[in-house]
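Asks: Please find one structure pasted underneath; my questions will follow.
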Amino acid sequence: RWPVISRAGQLSSLLTTTPLHGFRNLIINGNFDIWQRGDTFIDPGAWSYTADRWRVAYDGSPVGLAVSRHDFALGQTDVPGEPRHFLRWQMAGNSGATFMVLAQPVEGVRTLAGQVVTVTFYARAAAPMIINFGLTQFFGTGGSPSADVLTLLGSAELTTEWTRVSAADVLPSMTGKSLGTNGNDALVLNIFSTPNEAFTIDIAHVSLVPGDATAELDPFASRHIGQEIALCQRYYQRADWPHFTARSLSTTFGTDVPVPFPVIMRATPTVTLWSPITLAAGKARDYEGSADVDAVVASTNPAGFYAAVAPAAAVGNRLGFIYEASAEL
């Protein structure tokens, strides 16, 4: 017989000792395991994504801005849970800036509204410095959305040693607020650095959970790596292996290629195609013809897209392309 859960205590145990526990943490890729776009970003543009679900936002004219993936030594005990990676965020200098932020938007501004929430992460710096962190209720764009509401959770004095940073607070309610019409509202975790000074900050093991978890040694809840990748792919996915059409049946007519996404995306994504050989945008590869041919996205929806690929040089030639699809907030 299937087990019967008859007591609240038994349910609580399931939620803290089984894979269900992983969904307590609302941050996706908080252990920085997923880097579909690459693992090093030099001079990333303002508001651009780096590690999956993490973006850098800034103004001014930063110099030497970089985000990169680094590895923990096996068996280290400074950060619990044996994480593999941490994110390094650094800048040589800036001028005229008013903010410098590492952020993750959590889908839906209604998330945890009016509730106690806890943010916890581990961080260190190349030299002692103070950082701030908080949550922004972003009501989206389009129409007449309400202005952002920032709840500053606290500050932390970083040293060259890994430091546990944690704070809890009550998020404001949604009463009297208005959403935008573009469906991109979010609750945004922000980690603020000094906007005009050089810094190197390492960040790891980030969690956002309901309730006051500041007394917990490690409120971070791990998920299976397959679950984490699927959660990331709801917002962004990249196929760096060729997607082949059937062999070309004509040198006059092109071929429509259906590509289903492995995960249904948050919204209709923006899709970009490349040749897998030359990495030329808007191209597919005629392998036997050793040349690129035009390829465009004919139609798209959250479940997949059709690519229209120009004819190959000869009947029977293989055609292939790679793609990325983004439905980020």
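In the structure tokens, chains take the letters A, B, ... in the order shown, each chain's residues start at 1, and ligands count up from 1 in the order shown.
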Might you pull out every residue within 7 Å of Asn29 in chain A, with only C-alpha atoms counted and same-chain residues fewer than 5 positions away left off, and present them as a PyMOL selection string?
Replies: chain A and resi 34+52-53+228
Asks: Using all heavy atoms, can you export the residues from the last selection as a PDB file, in the first residue's frame?
Replies:
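Okay, out_37.pdb is ready:
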ATOM      1  N   ILE A  34      24.752  26.185 -13.461  1.00  0.00           N
ATOM      2  CA  ILE A  34      24.310  26.258 -14.853  1.00  0.00           C
ATOM      3  C   ILE A  34      24.807  27.553 -15.480  1.00  0.00           C
ATOM      4  O   ILE A  34      24.506  28.646 -14.989  1.00  0.00           O
ATOM      5  CB  ILE A  34      22.768  26.194 -14.961  1.00  0.00           C
ATOM      6  CG1 ILE A  34      22.193  25.113 -14.032  1.00  0.00           C
ATOM      7  CG2 ILE A  34      22.354  25.971 -16.413  1.00  0.00           C
ATOM      8  CD1 ILE A  34      22.679  23.728 -14.326  1.00  0.00           C
ATOM      9  N   ASP A  52      23.187  31.458 -15.564  1.00  0.00           N
ATOM     10  CA  ASP A  52      21.749  31.363 -15.787  1.00  0.00           C
ATOM     11  C   ASP A  52      20.959  31.991 -14.649  1.00  0.00           C
ATOM     12  O   ASP A  52      21.224  31.732 -13.468  1.00  0.00           O
ATOM     13  CB  ASP A  52      21.351  29.902 -15.946  1.00  0.00           C
ATOM     14  CG  ASP A  52      21.505  29.429 -17.380  1.00  0.00           C
ATOM     15  OD1 ASP A  52      22.640  29.451 -17.883  1.00  0.00           O
ATOM     16  OD2 ASP A  52      20.504  29.063 -17.999  1.00  0.00           O
ATOM     17  N   ARG A  53      20.006  32.836 -15.034  1.00  0.00           N
ATOM     18  CA  ARG A  53      19.076  33.562 -14.165  1.00  0.00           C
ATOM     19  C   ARG A  53      19.726  34.722 -13.420  1.00  0.00           C
ATOM     20  O   ARG A  53      19.047  35.409 -12.667  1.00  0.00           O
ATOM     21  CB  ARG A  53      18.399  32.612 -13.152  1.00  0.00           C
ATOM     22  CG  ARG A  53      17.668  31.442 -13.735  1.00  0.00           C
ATOM     23  CD  ARG A  53      16.479  31.882 -14.598  1.00  0.00           C
ATOM     24  NE  ARG A  53      15.529  32.671 -13.861  1.00  0.00           N
ATOM     25  CZ  ARG A  53      15.122  33.901 -14.232  1.00  0.00           C
ATOM     26  NH1 ARG A  53      15.617  34.470 -15.306  1.00  0.00           N
ATOM     27  NH2 ARG A  53      14.235  34.554 -13.527  1.00  0.00           N
ATOM     28  N   GLU A 228      17.240  21.547 -11.960  1.00  0.00           N
ATOM     29  CA  GLU A 228      17.788  22.906 -12.029  1.00  0.00           C
ATOM     30  C   GLU A 228      17.945  23.363 -13.478  1.00  0.00           C
ATOM     31  O   GLU A 228      17.629  24.503 -13.819  1.00  0.00           O
ATOM     32  CB  GLU A 228      19.132  22.952 -11.308  1.00  0.00           C
ATOM     33  CG  GLU A 228      19.490  24.326 -10.774  1.00  0.00           C
ATOM     34  CD  GLU A 228      18.655  24.722  -9.570  1.00  0.00           C
ATOM     35  OE1 GLU A 228      18.090  23.852  -8.883  1.00  0.00           O
ATOM     36  OE2 GLU A 228      18.566  25.937  -9.309  1.00  0.00           O
TER      37      GLU A 228
END
Asks: Extract the full set of strand (DSSP E) residues from range 91-326 of chain A according to DSSP on the backbone, and format it as a PyMOL selection string.
Replies: chain A and resi 91+100-107+116-125+129-138+149-158+163-170+186-192+199-210+236-244+255-260+270-274+283-286+291-301+304-309+319-326
Asks: Choose the residue, out of A:Ala308, A:Ala57, A:Leu319, A:Val170, that has the smallest atom-to-atom separation from Ile277 in chain A; count only C-alpha atoms.
Replies: A:Leu319
Asks: Please report, as a Markdown table, each residue of range 227-270 of chain A lying at most 8 Å from range 296-301 of chain A, together with the nearest pair of atoms and the separation in Å rounded to one decimal; use only C-alpha atoms, and order rows by chain and ascending residue number.
Replies:
| residue | atom | partner | partner_atom | distance |
| --- | --- | --- | --- | --- |
| A:Ala267 | CA | A:Asn301 | CA | 7.5 |
| A:Thr268 | CA | A:Asn301 | CA | 4.7 |
| A:Pro269 | CA | A:Asn301 | CA | 7.0 |
Asks: Can you measure CA of Met91 in chain A to CA of Gln233 in chain A for me? One decimal in Å is fine.
Replies: 28.8 Å
Asks: Determine, counting only C-alpha atoms, which protein, DNA and RNA residues have an atom within 12 Å of an atom of Pro80 in chain A; residues of the same chain fewer than 3 positions away are not included. Present the result as an MDAnalysis selection string.
Replies: chainID A and resid 31 72 74:77 83:84 121:122 162:164 204:206 217:222
Asks: Residues at most 7 Å from range 189-201 of chain A, counting only C-alpha atoms, excluding those fewer than 4 positions away in the same chain, as a list in words?
Replies: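 With the cut-off at 7 Å, the set is Arg88, Trp89, Gln90, Met91, Ala92, Gly93, Asn94, Ser95, Ala97, Thr98, Phe99, Met100, Val101, Leu102, Ala103, Gln104, Pro105, Ala123, Arg124, Ala125, Ala126, Ile131, Asn132, Phe133, Gly134, Leu135 and Thr136 of chain A.
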Asks: Quick one: residues within 6 Å of Leu273 in chain A, only C-alpha atoms, excluding same-chain residues fewer than 3 positions away - as a PyMOL selection string?
Replies: chain A and resi 281-282+322-323
Asks: Give the answer as one residue: which of A:Pro128, A:Gly64, A:Gly180, A:Gly45 has the shortest atom-to-atom distance to Val109 in chain A, using only C-alpha atoms?
Replies: A:Gly180
Asks: Report the distance between CA of Ala239 in chain A and CA of Val315 in chain A in Å, rounded to one decimal place.
Replies: 26.1 Å
Asks: Quick one: distance from CA of Asp33 in chain A to CA of Pro302 in chain A in Å, one decimal?
Replies: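 Between CA of Asp33 in chain A and CA of Pro302 in chain A the gap works out to 24.4 Å.
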Asks: With only C-alpha atoms as the basis for distance, which of A:Gly211, A:Gly142, A:Gly289, A:Pro311 is at the shortest distance from Thr252 in chain A?
Replies: A:Pro311
Asks: Kindly indicate which residue among A:Asn184, A:Thr214, A:Ser173, A:Thr151 lies nearest to Val119 in chain A, using only C-alpha atoms for the distances.
Replies: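 Smallest distance to Val119 in chain A is found for A:Thr214.
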Asks: Considering only C-alpha atoms, state which residue in the set A:Leu26, A:Leu153, A:Ala284, A:Leu279 is at the smallest distance from Val257 in chain A.
Replies: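 Checking each of A:Leu26, A:Leu153, A:Ala284, A:Leu279 against Val257 in chain A, counting only C-alpha atoms, the winner is A:Ala284.
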Asks: Write down as a list of chain:residue names the residues belonging to range 31-258 of chain A that are assigned alpha helix (DSSP H) by DSSP computed on the backbone.
Replies: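 Here are the alpha helix (DSSP H) residues of range 31-258 of chain A: A:Ile225, A:Gly226, A:Gln227, A:Glu228, A:Ile229, A:Ala230, A:Leu231, A:Cys232, A:Gln233.
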Asks: Give me a file of those residues, with all heavy atoms, as a short mmCIF file (atom, residue, chain, number, x, y, z; two decimals), in the first residue's frame.
Replies:
data_model
loop_
_atom_site.label_atom_id
_atom_site.label_comp_id
_atom_site.auth_asym_id
_atom_site.auth_seq_id
_atom_site.Cartn_x
_atom_site.Cartn_y
_atom_site.Cartn_z
N ILE A 225 20.22 18.12 -10.38
CA ILE A 225 20.76 18.96 -11.45
C ILE A 225 19.83 19.00 -12.66
O ILE A 225 19.71 20.02 -13.35
CB ILE A 225 22.17 18.48 -11.85
CG1 ILE A 225 22.84 19.46 -12.80
CG2 ILE A 225 22.13 17.08 -12.42
CD1 ILE A 225 23.13 20.82 -12.20
N GLY A 226 19.12 17.89 -12.93
CA GLY A 226 18.17 17.88 -14.03
C GLY A 226 17.02 18.84 -13.81
O GLY A 226 16.56 19.51 -14.74
N GLN A 227 16.55 18.93 -12.56
CA GLN A 227 15.50 19.89 -12.23
C GLN A 227 16.01 21.31 -12.40
O GLN A 227 15.30 22.19 -12.91
CB GLN A 227 15.03 19.67 -10.80
CG GLN A 227 14.29 18.37 -10.55
CD GLN A 227 13.98 18.17 -9.08
OE1 GLN A 227 14.81 18.43 -8.20
NE2 GLN A 227 12.79 17.69 -8.80
N GLU A 228 17.24 21.55 -11.96
CA GLU A 228 17.79 22.91 -12.03
C GLU A 228 17.95 23.36 -13.48
O GLU A 228 17.63 24.50 -13.82
CB GLU A 228 19.13 22.95 -11.31
CG GLU A 228 19.49 24.33 -10.77
CD GLU A 228 18.65 24.72 -9.57
OE1 GLU A 228 18.09 23.85 -8.88
OE2 GLU A 228 18.57 25.94 -9.31
N ILE A 229 18.42 22.48 -14.34
CA ILE A 229 18.56 22.83 -15.76
C ILE A 229 17.19 23.13 -16.36
O ILE A 229 17.01 24.12 -17.09
CB ILE A 229 19.25 21.69 -16.53
CG1 ILE A 229 20.71 21.58 -16.10
CG2 ILE A 229 19.15 21.92 -18.03
CD1 ILE A 229 21.42 20.36 -16.66
N ALA A 230 16.19 22.29 -16.04
CA ALA A 230 14.85 22.52 -16.58
C ALA A 230 14.27 23.85 -16.11
O ALA A 230 13.63 24.57 -16.88
CB ALA A 230 13.93 21.37 -16.19
N LEU A 231 14.51 24.21 -14.86
CA LEU A 231 14.03 25.50 -14.35
C LEU A 231 14.70 26.65 -15.10
O LEU A 231 14.05 27.65 -15.44
CB LEU A 231 14.31 25.60 -12.85
CG LEU A 231 13.47 24.69 -11.94
CD1 LEU A 231 14.00 24.75 -10.52
CD2 LEU A 231 12.00 25.08 -11.98
N CYS A 232 15.99 26.51 -15.38
CA CYS A 232 16.69 27.55 -16.14
C CYS A 232 16.16 27.63 -17.57
O CYS A 232 16.01 28.73 -18.13
CB CYS A 232 18.19 27.25 -16.18
SG CYS A 232 19.05 27.44 -14.61
N GLN A 233 15.87 26.48 -18.17
CA GLN A 233 15.43 26.46 -19.56
C GLN A 233 14.04 27.05 -19.76
O GLN A 233 13.66 27.35 -20.89
CB GLN A 233 15.48 25.03 -20.10
CG GLN A 233 16.89 24.53 -20.34
CD GLN A 233 16.92 23.10 -20.81
OE1 GLN A 233 16.06 22.28 -20.45
NE2 GLN A 233 17.90 22.76 -21.62
#
Asks: For a quick check of understanding, using only C-alpha atoms, which of A:Met265, A:Ala213, A:Val259, A:Met174 has the smallest distance to Gly108 in chain A?
Replies: A:Met174
Asks: Write out as a PyMOL selection string each polymer residue whose atoms come within 8 Å of Trp47 in chain A, counting only C-alpha atoms; drop sequence neighbours fewer than 3 positions from it.
Replies: chain A and resi 55-58
